[in-house]
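**Q** A single structure is presented below for examination.
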Amino acid sequence: MTQALHGKKVAILAADGVERVELEQPREALNASGAQTTLLSVHDEEIQARESDLNPAGTFPVDGLVADATVAAYDALLLPGGTVNPDQLRVDPDAVAFVRDFVDSGKPVAAICHGPWTLIEAGVVKGRTLTSYPSIRTDLRNAGAEVVDQEVVVDGNVITSRSPDDLPAFCDALVAELGAARAAR
């Protein structure tokens with residue numbers, strides 16, 4: 001355990017239907033590196049998690065509403081997947097604006113599995129090289145991204161991965177990029 005990210009604050013943006021492991025593992029990696037994580041959502045109280053999209057997998061308490069959040073308060077953004085989760089986020093104007101502003105800020109933004117759907121809606125994928133779960137790759141291409149089939153891709157400040165199988169590489173890249181952003185500031 002290292003404290004390389006001590007004092008860094010990471011927003012996790014998720015809604016009902018989030019893939020449990022895609023929220024838990026990156027959050028654990030960030031916390032183990034000294035970062036503080038905050039779970040933001042489009043509604044308060046708690047969000048329902050899933051395993052493999054279909055099976056109930058408990059709940060997570062929500063720390064705050066994305067409508068009340070500012071990019072300036074955070075050093076990085078995590079967008080976990082699950083199909084229902086990003087589908088809810090991409091129809092919420094506050095969530096979409098928050099993601100767009102975060103990418104535009106130059107701070108690290110990490111999206112896994114179906115998480116890039118929200119990046120598409122935010123209009124920030126054109127000209128970027130990204131990866132994702134296979135079923136949304138056409139959506140990414142249609143939005144102007146170059147899509148590759150790799151476990152993790154870092155393009156500027158955007159980090160993407162394909163699926164829960166890629167979580168070790170995804171978590172490592174997120175921690176490394178946030179650490180590199182810290183060193184650059």
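Naming scheme: A, B, ... for chains in displayed order of the structure tokens; residues 1 onward per chain; ligands 1 onward as shown.
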Residues of chain A classed as strand (DSSP E or B) by DSSP on the backbone are to be reported as JSON, numbers by chain.
**A** {"A": [9, 10, 11, 12, 13, 18, 19, 36, 37, 38, 39, 40, 41, 46, 47, 48, 49, 50, 51, 55, 56, 57, 58, 59, 60, 61, 64, 65, 76, 77, 78, 79, 109, 110, 111, 112, 129, 130, 146, 147, 152, 153, 154, 155, 158, 159, 160, 161]}
**Q** Near A:Arg20, within 9 Å and counting only C-alpha atoms, which residues show up once chain neighbours fewer than 2 positions away are dropped, as a list in words?
**A** Gly17, Val18, Glu22, Leu23, Glu24, Gln25, Gln48, Ala49, Arg50, Glu51, Ser52, Ala57, Gly58, Thr59, Phe60, Pro80, Gly81 and Gly82 of chain A
**Q** Go ahead and write the residues just picked, C-alpha atoms, as a PDB file, in the first residue's frame.
**A**
ATOM      1  CA  GLY A  17     -27.368  -0.912 -12.695  1.00  0.00           C
ATOM      2  CA  VAL A  18     -23.681  -0.234 -12.139  1.00  0.00           C
ATOM      3  CA  GLU A  22     -16.235  -2.128 -11.961  1.00  0.00           C
ATOM      4  CA  LEU A  23     -17.005   0.319  -9.170  1.00  0.00           C
ATOM      5  CA  GLU A  24     -15.441  -1.598  -6.278  1.00  0.00           C
ATOM      6  CA  GLN A  25     -12.063  -2.603  -7.674  1.00  0.00           C
ATOM      7  CA  GLN A  48     -28.463  -0.687  -7.024  1.00  0.00           C
ATOM      8  CA  ALA A  49     -25.483  -2.702  -8.262  1.00  0.00           C
ATOM      9  CA  ARG A  50     -25.536  -5.672 -10.618  1.00  0.00           C
ATOM     10  CA  GLU A  51     -23.333  -8.629 -11.429  1.00  0.00           C
ATOM     11  CA  SER A  52     -23.171  -9.460 -15.147  1.00  0.00           C
ATOM     12  CA  ALA A  57     -25.401  -7.357  -6.289  1.00  0.00           C
ATOM     13  CA  GLY A  58     -26.313  -5.091  -3.389  1.00  0.00           C
ATOM     14  CA  THR A  59     -26.264  -1.333  -3.091  1.00  0.00           C
ATOM     15  CA  PHE A  60     -23.829   1.539  -2.707  1.00  0.00           C
ATOM     16  CA  PRO A  80     -17.830   2.280 -14.262  1.00  0.00           C
ATOM     17  CA  GLY A  81     -19.953   0.211 -16.605  1.00  0.00           C
ATOM     18  CA  GLY A  82     -22.913  -2.096 -16.577  1.00  0.00           C
TER      19      GLY A  82
END
**Q** Calculated over only C-alpha atoms, which of the candidates A:Arg100, A:Arg90, A:His43, A:Lys107 has the smallest distance to A:Ala180?
**A**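 Smallest separation from A:Ala180 among the options: A:Lys107.
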**Q** What's around A:Leu89 at 7 Å? Count only C-alpha atoms, leave out sequence neighbours fewer than 4 positions away in its own chain, and write the answer as JSON, numbers by chain.
**A** {"A": [15, 85, 95, 96, 118]}
**Q** Let me make sure I understand: among A:Ala72, A:Leu65, A:Ile136, A:Leu77, which one has the smallest atom-to-atom distance to A:Ala35 if we use only C-alpha atoms?
**A**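 The closest residue to A:Ala35 is A:Leu77.
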**Q** Determine, counting only C-alpha atoms, which protein, DNA and RNA residues have an atom within 12 Å of an atom of A:Val125; residues of the same chain fewer than 3 positions away are not included. Present the result as a compact mmCIF listing (two decimals) with C-alpha atoms, in the first residue's frame.
**A**
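Saved file selection_22.txt follows:
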# COMPACT_ATOMS: atom_id res chain seq x y z
CA VAL A 99 -18.42 14.40 -17.97
CA ARG A 100 -17.88 16.86 -20.84
CA VAL A 103 -12.72 15.68 -20.15
CA ASP A 104 -12.28 19.28 -21.30
CA VAL A 109 -11.22 10.38 -16.89
CA ALA A 111 -14.29 4.59 -18.33
CA PRO A 116 -17.82 5.15 -22.70
CA TRP A 117 -21.49 5.55 -23.65
CA THR A 118 -21.54 8.63 -21.45
CA LEU A 119 -18.38 9.90 -23.18
CA ILE A 120 -20.20 9.57 -26.52
CA GLU A 121 -23.18 11.55 -25.25
CA ALA A 122 -20.82 14.21 -23.90
CA ARG A 128 -9.63 9.72 -29.75
CA THR A 129 -8.40 6.13 -29.63
CA LEU A 130 -10.56 4.16 -27.19
CA THR A 131 -11.61 0.66 -26.26
CA ARG A 137 -17.73 -0.23 -30.35
CA ASP A 139 -21.39 3.52 -31.25
CA LEU A 140 -17.87 4.77 -30.55
CA ARG A 141 -16.89 4.54 -34.23
CA ASN A 142 -20.06 6.35 -35.29
CA ALA A 143 -19.16 9.13 -32.84
CA GLY A 144 -15.74 9.51 -34.47
CA ALA A 145 -13.46 7.47 -32.22
CA GLU A 146 -10.81 5.05 -33.39
CA VAL A 147 -11.61 1.79 -31.61
CA ASP A 155 -5.42 8.68 -25.06
CA GLY A 156 -4.51 12.01 -23.53
CA ASN A 157 -6.47 12.25 -20.31
CA VAL A 158 -8.99 9.50 -21.19
CA ILE A 159 -8.42 5.91 -20.02
CA THR A 160 -10.64 3.09 -21.29
**Q** Given only C-alpha atoms as the basis, pick out the residue of A:Val62, A:Leu79, A:Ala181, A:Val91 nearest to A:Ser132.
**A** A:Leu79
**Q** Write out as a ChimeraX atom specification the set of residues from stretch 6-123 of chain A that DSSP, computed on the backbone, places in helix (DSSP H, G or I).
**A** /A:20-32,66-68,71-73,84-89,93-105,116-121
**Q** Hey, which of A:Ile112, A:Val10, A:Val148, A:Leu78 ends up closest to A:Pro164? Count only C-alpha atoms.
**A**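 Nearest to A:Pro164: A:Ile112.
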**Q** Restricting the calculation to only C-alpha atoms, which member of A:Gly7, A:Tyr133, A:Ala110, A:Asp44 is positioned closest to A:Arg27?
**A**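 Checking each candidate against A:Arg27, we get A:Ala110 as the closest.
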**Q** Counting only C-alpha atoms, which residue out of A:Val66, A:Val152, A:Val71, A:Leu54 sits closest to A:Thr83?
**A**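 For A:Thr83, the nearest of the candidates is A:Leu54.
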